[in-house]
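Report on the following structure.
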Amino acid sequence: MFKGILIEKDDAGYRAGVQDIDESQLPDGDVTVRVSHSTLNYKDGLAITGKGPVVRKFPMVPGIDLAGIVEDSAHPDYKRGDAVLLNGWGVGEGHWGGLAQKARLQGKWLVPLPASFTPQQAMSIGTAGYTAMLCVLALERHGVKPSDGEIVVTGAAGGVGSVAIAILAKLGYTVVAVSGRHEEANYLKGLGATDVLERAQFASPGKPLGKERWAGAVDVVGSHTLANICATTKYRGVVTACGLAGGMDLPASVAPFILRGVTLVGIDSVMCPTPDRLEAWRRLGADLDIAKLGTISQEIGLSEVVPYAVKLMNGEVKGRIVVDVNR
C-alpha cells in the first residue's frame, strides 16, 4: 500500500483526496518509480478541482511531474536505483501521475535526473520551468538576442513566468513582466524583471497593430493578451505561446505576421521529443540560478495538495508548488 491523491467520479459526484492505494492498482508500464517529489501545476489544479476536463478516465492519480528512484525496471535504459524525472506525456490525465508515493510508467517517458539538481530542485523547476526553457530555446533558435530589445513575459507570477524571467535575466535579456498581481512586483523584480506592467493593459480587445515594443515574448495567457502582444511586437520579433490561462481563443488579425514579419511559435511540453527535453534540462542546469529556486518555489505535503489546488485556481499562489509526497 502507498498513499496518493485519487480523483474519482461516479454517482456520488466528483472528488479528490488522499487515499491508501494498493500497488496492484497501478497501471501498466515497464518502470516502477518510488516517488520522492511531485508538483502542483495549473493543469493539476484543473484536474483536482474538476474545473477543467483534464482527466480522461477514472479513478486517476493527478500530477504531471515527478522525481524519484527506479524501484523496478524492464526498460533497457533504466535499472533499479536510477534517479529519474518525468514531465508531461499525458500522466495525470490518461495515465496515473506523480502525486503519489509510487508510479508505474513507460520508460520512454523518463529522463535521467540531471546531476546538477536534487529531486526537490528538479521539481521546483518541473514542467513549468522546463516549458519556460523550451520558450527561451525557441527565442534563441529564431535569432532573438539580448541586444534586440525587451522580452515580455505574461502570467509572470506563475510557474512558467517566474522561471522564464530568471533564465532570461541571467542570459542578459531585458525582461518586462506582466501580472495581475501588483503586490508581487518586488518578487518579479527580484527574479530579474526590469519593469512590471498591469495585466489589464493587455486583457481587452486591442488594435490589429500597436506601437512596436517587444523583441520577443513568452506568453502563458492566450486570448486577448496574446493578440495584443503580437500586435506590439517589433519587426521580425518572436512570440512564444505555451499557455491558455486567459482562454483558448486568439482574437487577432494577420497584420503583425504579414506587415511586420512577426513569428508566433507554439510551445508544447507534453509530447516534446526526448532529445529536446534533454537539451532543455541541460540548459536549465547551466542557465538557471539555482539560488533563485528558493524564491520561486514553496514545498507542501501530500495532505495539503487539495486545498492548495483550490488556492491555485483562485490565483492565490505565486511561483512553483513542490509536493513532498512522503509527508
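Within each chain, counting starts at residue 1; across the C-alpha cells, chains are named A, B, ... in the order shown, with ligands numbered 1 upward in that order.
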With only C-alpha atoms as the counted atoms, please give the residues lying no more than 7 Å from segment 54-56 of chain A, apart from itself and same-chain residues fewer than 6 positions off, as a short mmCIF file (atom, residue, chain, number, x, y, z; two decimals) with all heavy atoms, in the first residue's frame.
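As written to disk, selection_17.cif reads:
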data_model
loop_
_atom_site.label_atom_id
_atom_site.label_comp_id
_atom_site.auth_asym_id
_atom_site.auth_seq_id
_atom_site.Cartn_x
_atom_site.Cartn_y
_atom_site.Cartn_z
N LEU A 46 -6.69 22.16 -12.29
CA LEU A 46 -7.92 21.92 -13.05
C LEU A 46 -8.44 20.51 -12.81
O LEU A 46 -9.66 20.30 -12.64
CB LEU A 46 -7.65 22.12 -14.55
CG LEU A 46 -7.42 23.55 -15.04
CD1 LEU A 46 -6.96 23.52 -16.50
CD2 LEU A 46 -8.68 24.40 -14.90
N ALA A 47 -7.53 19.53 -12.80
CA ALA A 47 -7.93 18.14 -12.62
C ALA A 47 -8.50 17.89 -11.24
O ALA A 47 -9.55 17.25 -11.08
CB ALA A 47 -6.73 17.22 -12.88
N GLU A 93 -3.46 12.66 -16.59
CA GLU A 93 -4.63 12.91 -17.44
C GLU A 93 -5.22 11.57 -17.91
O GLU A 93 -6.37 11.26 -17.65
CB GLU A 93 -4.24 13.74 -18.65
CG GLU A 93 -3.61 15.09 -18.32
CD GLU A 93 -3.11 15.77 -19.57
OE1 GLU A 93 -3.96 16.13 -20.41
OE2 GLU A 93 -1.88 15.93 -19.73
N GLY A 94 -4.40 10.79 -18.63
CA GLY A 94 -4.84 9.49 -19.10
C GLY A 94 -4.09 8.33 -18.48
O GLY A 94 -4.44 7.17 -18.68
#
>> List as a VMD selection string the protein and nucleic acid residues near segment 110-116 of chain A, meaning an atom at most 10 Å away when only C-alpha atoms are counted, but skip any in the same chain fewer than 3 places from it.
In response: chain A and resid 31 66 to 69 77 to 78 82 to 89 105 to 107 119 121 to 122 274 to 275 277 to 278 281 to 282 284 to 286 290
>> Need to verify the contact set: segment 166-174 of chain A, 12 Å, only C-alpha atoms, exclusion of same-chain residues closer than 4 positions in sequence. Can you return it as an NGL selection string?
In response: :A and (125 or 129-137 or 139-140 or 144-153 or 156-157 or 159-162 or 187-196 or 213-218 or 280 or 283-293 or 295-296 or 319)
>> Using Å and a single decimal, report how far atom CA of Val220 of chain A sits from atom CA of Ile7 of chain A.
In response: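 A separation of 26.1 Å between them.
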>> Could you go through segment 105-266 of chain A and tell me which residues DSSP, when run on the backbone, assigns to strand (DSSP E or B), listing them as a PyMOL selection string?
In response: chain A and resi 105+111-112+150-153+174-179+193-198+214-219+222+233-241+247+263-266
Filtering to C-alpha atoms, could you give me those residues as a short mmCIF file (atom, residue, chain, number, x, y, z; two decimals), in the first residue's frame?
data_model
loop_
_atom_site.label_atom_id
_atom_site.label_comp_id
_atom_site.auth_asym_id
_atom_site.auth_seq_id
_atom_site.Cartn_x
_atom_site.Cartn_y
_atom_site.Cartn_z
CA LEU A 105 5.28 4.38 -16.20
CA VAL A 111 14.78 11.28 -18.42
CA PRO A 112 17.71 10.86 -16.04
CA GLU A 150 12.76 43.91 -24.36
CA ILE A 151 11.26 40.47 -23.82
CA VAL A 152 7.77 40.48 -22.31
CA VAL A 153 6.64 37.63 -20.04
CA THR A 174 15.85 42.95 -20.56
CA VAL A 175 12.65 41.42 -19.20
CA VAL A 176 9.30 43.11 -18.66
CA ALA A 177 6.80 41.18 -16.53
CA VAL A 178 3.02 41.33 -16.99
CA SER A 179 0.93 40.30 -13.98
CA ALA A 193 12.35 41.84 -14.31
CA THR A 194 13.20 45.48 -15.01
CA ASP A 195 9.57 46.57 -15.10
CA VAL A 196 6.15 45.16 -14.14
CA LEU A 197 3.03 46.02 -16.13
CA GLU A 198 -0.62 45.52 -15.21
CA TRP A 214 8.81 43.73 -27.87
CA ALA A 215 11.72 41.87 -29.44
CA GLY A 216 10.27 38.66 -28.07
CA ALA A 217 7.66 37.25 -25.73
CA VAL A 218 6.80 34.31 -23.52
CA ASP A 219 3.02 34.08 -23.24
CA GLY A 222 -3.57 33.34 -24.76
CA THR A 233 5.93 43.07 -31.20
CA LYS A 234 8.76 44.62 -33.22
CA TYR A 235 9.51 43.91 -36.84
CA ARG A 236 10.64 40.27 -37.12
CA GLY A 237 10.12 39.73 -33.40
CA VAL A 238 9.27 36.32 -31.97
CA VAL A 239 6.36 35.40 -29.70
CA THR A 240 6.31 32.00 -27.96
CA ALA A 241 2.89 30.73 -26.84
CA GLY A 247 -8.62 31.41 -22.81
CA THR A 263 6.82 34.83 -35.78
CA LEU A 264 4.38 33.04 -33.46
CA VAL A 265 5.94 29.86 -32.11
CA GLY A 266 3.82 27.21 -30.43
#
>> So that I can see what lies close to segment 305-317 of chain A, please list as a list of chain:residue names the residues with an atom at most 9 Å from it, counting only C-alpha atoms and leaving out residues fewer than 3 positions away in the same chain.
In response: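 Near segment 305-317 of chain A, the qualifying residues are A:Ile5, A:Ala16, A:Gly17, A:Val18, A:Leu40, A:Asn41, A:Tyr42, A:Asp44, A:Gly45, A:Leu46, A:Ala47, A:Ile48, A:Thr49, A:Lys51, A:Leu99, A:Ala157, A:Gly158, A:Arg181, A:Ile300, A:Gly301, A:Leu302, A:Arg320, A:Ile321, A:Val323.
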Do you know which residues are at most 12 Å from Val254 of chain A counting only C-alpha atoms, after dropping those on the same chain fewer than 2 positions away, and could you put them as a PDB file with all heavy atoms, in the first residue's frame?
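Just written: part.pdb:
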ATOM      1  N   LYS A 207      -6.018  46.962 -30.967  1.00  0.00           N
ATOM      2  CA  LYS A 207      -5.923  47.239 -32.394  1.00  0.00           C
ATOM      3  C   LYS A 207      -5.147  46.117 -33.093  1.00  0.00           C
ATOM      4  O   LYS A 207      -4.341  45.426 -32.465  1.00  0.00           O
ATOM      5  CB  LYS A 207      -5.209  48.570 -32.608  1.00  0.00           C
ATOM      6  CG  LYS A 207      -5.948  49.771 -32.026  1.00  0.00           C
ATOM      7  CD  LYS A 207      -5.146  51.042 -32.245  1.00  0.00           C
ATOM      8  CE  LYS A 207      -5.868  52.259 -31.665  1.00  0.00           C
ATOM      9  NZ  LYS A 207      -5.076  53.511 -31.849  1.00  0.00           N
ATOM     10  N   PRO A 208      -5.367  45.954 -34.401  1.00  0.00           N
ATOM     11  CA  PRO A 208      -4.601  44.938 -35.141  1.00  0.00           C
ATOM     12  C   PRO A 208      -3.100  45.148 -35.051  1.00  0.00           C
ATOM     13  O   PRO A 208      -2.337  44.187 -35.013  1.00  0.00           O
ATOM     14  CB  PRO A 208      -5.109  45.107 -36.579  1.00  0.00           C
ATOM     15  CG  PRO A 208      -6.462  45.713 -36.446  1.00  0.00           C
ATOM     16  CD  PRO A 208      -6.380  46.610 -35.245  1.00  0.00           C
ATOM     17  N   LEU A 209      -2.676  46.409 -35.000  1.00  0.00           N
ATOM     18  CA  LEU A 209      -1.267  46.754 -34.824  1.00  0.00           C
ATOM     19  C   LEU A 209      -1.152  47.877 -33.808  1.00  0.00           C
ATOM     20  O   LEU A 209      -1.939  48.828 -33.819  1.00  0.00           O
ATOM     21  CB  LEU A 209      -0.638  47.215 -36.142  1.00  0.00           C
ATOM     22  CG  LEU A 209      -0.267  46.149 -37.171  1.00  0.00           C
ATOM     23  CD1 LEU A 209       0.285  46.820 -38.425  1.00  0.00           C
ATOM     24  CD2 LEU A 209       0.759  45.161 -36.610  1.00  0.00           C
ATOM     25  N   ALA A 227      -2.987  38.224 -28.414  1.00  0.00           N
ATOM     26  CA  ALA A 227      -3.252  39.060 -29.585  1.00  0.00           C
ATOM     27  C   ALA A 227      -2.599  40.426 -29.446  1.00  0.00           C
ATOM     28  O   ALA A 227      -1.986  40.950 -30.390  1.00  0.00           O
ATOM     29  CB  ALA A 227      -4.760  39.212 -29.784  1.00  0.00           C
ATOM     30  N   CYS A 230       1.247  40.187 -29.768  1.00  0.00           N
ATOM     31  CA  CYS A 230       1.632  40.077 -31.186  1.00  0.00           C
ATOM     32  C   CYS A 230       1.534  41.439 -31.882  1.00  0.00           C
ATOM     33  O   CYS A 230       2.402  41.799 -32.690  1.00  0.00           O
ATOM     34  CB  CYS A 230       0.742  39.066 -31.909  1.00  0.00           C
ATOM     35  SG  CYS A 230       1.016  37.341 -31.436  1.00  0.00           S
ATOM     36  N   ALA A 231       0.494  42.192 -31.575  1.00  0.00           N
ATOM     37  CA  ALA A 231       0.261  43.479 -32.227  1.00  0.00           C
ATOM     38  C   ALA A 231       1.308  44.524 -31.870  1.00  0.00           C
ATOM     39  O   ALA A 231       1.482  45.507 -32.600  1.00  0.00           O
ATOM     40  CB  ALA A 231      -1.127  43.998 -31.872  1.00  0.00           C
ATOM     41  N   LEU A 250      -7.944  33.139 -29.911  1.00  0.00           N
ATOM     42  CA  LEU A 250      -6.908  34.085 -30.329  1.00  0.00           C
ATOM     43  C   LEU A 250      -7.569  35.135 -31.227  1.00  0.00           C
ATOM     44  O   LEU A 250      -7.557  35.025 -32.457  1.00  0.00           O
ATOM     45  CB  LEU A 250      -5.776  33.366 -31.061  1.00  0.00           C
ATOM     46  CG  LEU A 250      -4.608  34.252 -31.530  1.00  0.00           C
ATOM     47  CD1 LEU A 250      -4.004  35.028 -30.374  1.00  0.00           C
ATOM     48  CD2 LEU A 250      -3.547  33.411 -32.233  1.00  0.00           C
ATOM     49  N   PRO A 251      -8.163  36.167 -30.629  1.00  0.00           N
ATOM     50  CA  PRO A 251      -8.891  37.186 -31.389  1.00  0.00           C
ATOM     51  C   PRO A 251      -7.935  38.213 -31.997  1.00  0.00           C
ATOM     52  O   PRO A 251      -7.920  39.387 -31.625  1.00  0.00           O
ATOM     53  CB  PRO A 251      -9.804  37.806 -30.329  1.00  0.00           C
ATOM     54  CG  PRO A 251      -9.050  37.634 -29.050  1.00  0.00           C
ATOM     55  CD  PRO A 251      -8.275  36.358 -29.175  1.00  0.00           C
ATOM     56  N   ALA A 252      -7.149  37.763 -32.965  1.00  0.00           N
ATOM     57  CA  ALA A 252      -6.114  38.603 -33.568  1.00  0.00           C
ATOM     58  C   ALA A 252      -6.353  38.739 -35.059  1.00  0.00           C
ATOM     59  O   ALA A 252      -7.215  38.078 -35.640  1.00  0.00           O
ATOM     60  CB  ALA A 252      -4.737  37.991 -33.315  1.00  0.00           C
ATOM     61  N   PRO A 256       0.177  41.606 -37.767  1.00  0.00           N
ATOM     62  CA  PRO A 256       1.547  41.519 -37.259  1.00  0.00           C
ATOM     63  C   PRO A 256       2.423  40.545 -38.050  1.00  0.00           C
ATOM     64  O   PRO A 256       3.638  40.739 -38.150  1.00  0.00           O
ATOM     65  CB  PRO A 256       1.361  41.029 -35.815  1.00  0.00           C
ATOM     66  CG  PRO A 256      -0.047  41.351 -35.473  1.00  0.00           C
ATOM     67  CD  PRO A 256      -0.810  41.224 -36.743  1.00  0.00           C
ATOM     68  N   PHE A 257       1.802  39.540 -38.606  1.00  0.00           N
ATOM     69  CA  PHE A 257       2.563  38.488 -39.281  1.00  0.00           C
ATOM     70  C   PHE A 257       2.922  38.854 -40.718  1.00  0.00           C
ATOM     71  O   PHE A 257       4.013  38.533 -41.196  1.00  0.00           O
ATOM     72  CB  PHE A 257       1.767  37.184 -39.236  1.00  0.00           C
ATOM     73  CG  PHE A 257       1.245  36.863 -37.858  1.00  0.00           C
ATOM     74  CD1 PHE A 257      -0.112  36.905 -37.585  1.00  0.00           C
ATOM     75  CD2 PHE A 257       2.124  36.578 -36.817  1.00  0.00           C
ATOM     76  CE1 PHE A 257      -0.586  36.648 -36.308  1.00  0.00           C
ATOM     77  CE2 PHE A 257       1.661  36.321 -35.535  1.00  0.00           C
ATOM     78  CZ  PHE A 257       0.296  36.360 -35.279  1.00  0.00           C
ATOM     79  N   ILE A 258       2.017  39.559 -41.415  1.00  0.00           N
ATOM     80  CA  ILE A 258       2.287  39.869 -42.819  1.00  0.00           C
ATOM     81  C   ILE A 258       2.848  41.280 -43.023  1.00  0.00           C
ATOM     82  O   ILE A 258       3.414  41.570 -44.075  1.00  0.00           O
ATOM     83  CB  ILE A 258       1.043  39.664 -43.703  1.00  0.00           C
ATOM     84  CG1 ILE A 258      -0.085  40.631 -43.320  1.00  0.00           C
ATOM     85  CG2 ILE A 258       0.558  38.219 -43.604  1.00  0.00           C
ATOM     86  CD1 ILE A 258      -1.273  40.587 -44.272  1.00  0.00           C
ATOM     87  N   LEU A 259       2.701  42.150 -42.017  1.00  0.00           N
ATOM     88  CA  LEU A 259       3.235  43.507 -42.152  1.00  0.00           C
ATOM     89  C   LEU A 259       4.530  43.719 -41.378  1.00  0.00           C
ATOM     90  O   LEU A 259       5.342  44.571 -41.740  1.00  0.00           O
ATOM     91  CB  LEU A 259       2.195  44.543 -41.698  1.00  0.00           C
ATOM     92  CG  LEU A 259       0.891  44.575 -42.512  1.00  0.00           C
ATOM     93  CD1 LEU A 259      -0.065  45.625 -41.962  1.00  0.00           C
ATOM     94  CD2 LEU A 259       1.187  44.849 -43.986  1.00  0.00           C
ATOM     95  N   ARG A 260       4.707  42.946 -40.311  1.00  0.00           N
ATOM     96  CA  ARG A 260       5.927  43.071 -39.509  1.00  0.00           C
ATOM     97  C   ARG A 260       6.757  41.790 -39.471  1.00  0.00           C
ATOM     98  O   ARG A 260       7.807  41.746 -38.847  1.00  0.00           O
ATOM     99  CB  ARG A 260       5.575  43.507 -38.070  1.00  0.00           C
ATOM    100  CG  ARG A 260       5.066  44.937 -37.990  1.00  0.00           C
ATOM    101  CD  ARG A 260       4.805  45.370 -36.572  1.00  0.00           C
ATOM    102  NE  ARG A 260       4.302  46.749 -36.538  1.00  0.00           N
ATOM    103  CZ  ARG A 260       3.667  47.284 -35.500  1.00  0.00           C
ATOM    104  NH1 ARG A 260       3.444  46.548 -34.397  1.00  0.00           N
ATOM    105  NH2 ARG A 260       3.256  48.534 -35.549  1.00  0.00           N
ATOM    106  N   GLY A 261       6.279  40.755 -40.109  1.00  0.00           N
ATOM    107  CA  GLY A 261       7.053  39.519 -40.127  1.00  0.00           C
ATOM    108  C   GLY A 261       7.216  38.880 -38.768  1.00  0.00           C
ATOM    109  O   GLY A 261       8.199  38.173 -38.509  1.00  0.00           O
ATOM    110  N   VAL A 262       6.251  39.115 -37.865  1.00  0.00           N
ATOM    111  CA  VAL A 262       6.309  38.526 -36.523  1.00  0.00           C
ATOM    112  C   VAL A 262       6.149  37.006 -36.632  1.00  0.00           C
ATOM    113  O   VAL A 262       5.337  36.506 -37.419  1.00  0.00           O
ATOM    114  CB  VAL A 262       5.208  39.135 -35.630  1.00  0.00           C
ATOM    115  CG1 VAL A 262       5.075  38.353 -34.314  1.00  0.00           C
ATOM    116  CG2 VAL A 262       5.499  40.601 -35.355  1.00  0.00           C
ATOM    117  N   THR A 263       6.913  36.290 -35.837  1.00  0.00           N
ATOM    118  CA  THR A 263       6.820  34.827 -35.777  1.00  0.00           C
ATOM    119  C   THR A 263       6.115  34.415 -34.495  1.00  0.00           C
ATOM    120  O   THR A 263       6.517  34.835 -33.398  1.00  0.00           O
ATOM    121  CB  THR A 263       8.219  34.186 -35.815  1.00  0.00           C
ATOM    122  OG1 THR A 263       8.852  34.518 -37.049  1.00  0.00           O
ATOM    123  CG2 THR A 263       8.140  32.672 -35.692  1.00  0.00           C
ATOM    124  N   LEU A 264       5.079  33.608 -34.622  1.00  0.00           N
ATOM    125  CA  LEU A 264       4.378  33.039 -33.461  1.00  0.00           C
ATOM    126  C   LEU A 264       4.772  31.575 -33.370  1.00  0.00           C
ATOM    127  O   LEU A 264       4.496  30.795 -34.286  1.00  0.00           O
ATOM    128  CB  LEU A 264       2.864  33.189 -33.627  1.00  0.00           C
ATOM    129  CG  LEU A 264       1.982  32.598 -32.516  1.00  0.00           C
ATOM    130  CD1 LEU A 264       2.301  33.228 -31.167  1.00  0.00           C
ATOM    131  CD2 LEU A 264       0.504  32.780 -32.864  1.00  0.00           C
TER     132      LEU A 264
END
>> I'd like the interatomic distance between atom CA of Gln19 of chain A and atom CA of Val322 of chain A, to a tenth of an Å.
In response: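 A separation of 19.4 Å between them.
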>> I'd like to know which of A:Ala138, A:Leu244, A:Met60, A:Ala12 is closest to Gly98 of chain A, using only C-alpha atoms.
In response: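 Of the candidates, the smallest distance to Gly98 of chain A is held by A:Met60.
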> In Å, with one decimal, what is the gap from atom CA of Asp22 of chain A to atom CA of Lys9 of chain A?
Replying inline: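 According to the coordinates, atom CA of Asp22 of chain A and atom CA of Lys9 of chain A are separated by 18.9 Å.
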Within 7 Å of Phe202 of chain A, counting only C-alpha atoms, which residues show up once you throw out same-chain ones fewer than 4 positions away? Write them as a CSV table (one decimal) with N, CA, C and O atoms, in the first residue's frame, please.
chain,number,residue,atom,x,y,z
A,224,HIS,N,-6.9,37.6,-25.6
A,224,HIS,CA,-6.6,39.0,-26.0
A,224,HIS,C,-5.2,39.4,-25.6
A,224,HIS,O,-4.6,40.2,-26.3
A,225,THR,N,-4.7,38.8,-24.5
A,225,THR,CA,-3.3,39.1,-24.1
A,225,THR,C,-2.3,38.7,-25.2
A,225,THR,O,-1.5,39.5,-25.6
A,228,ASN,N,-2.7,41.0,-28.3
A,228,ASN,CA,-2.1,42.3,-28.0
A,228,ASN,C,-0.6,42.3,-28.0
A,228,ASN,O,0.1,43.3,-28.4
> What lies within 9 Å of Arg80 of chain A using only C-alpha atoms, ignoring chain neighbours under 5 positions off, as a ChimeraX atom specification?
Replying inline: /A:33,69-73
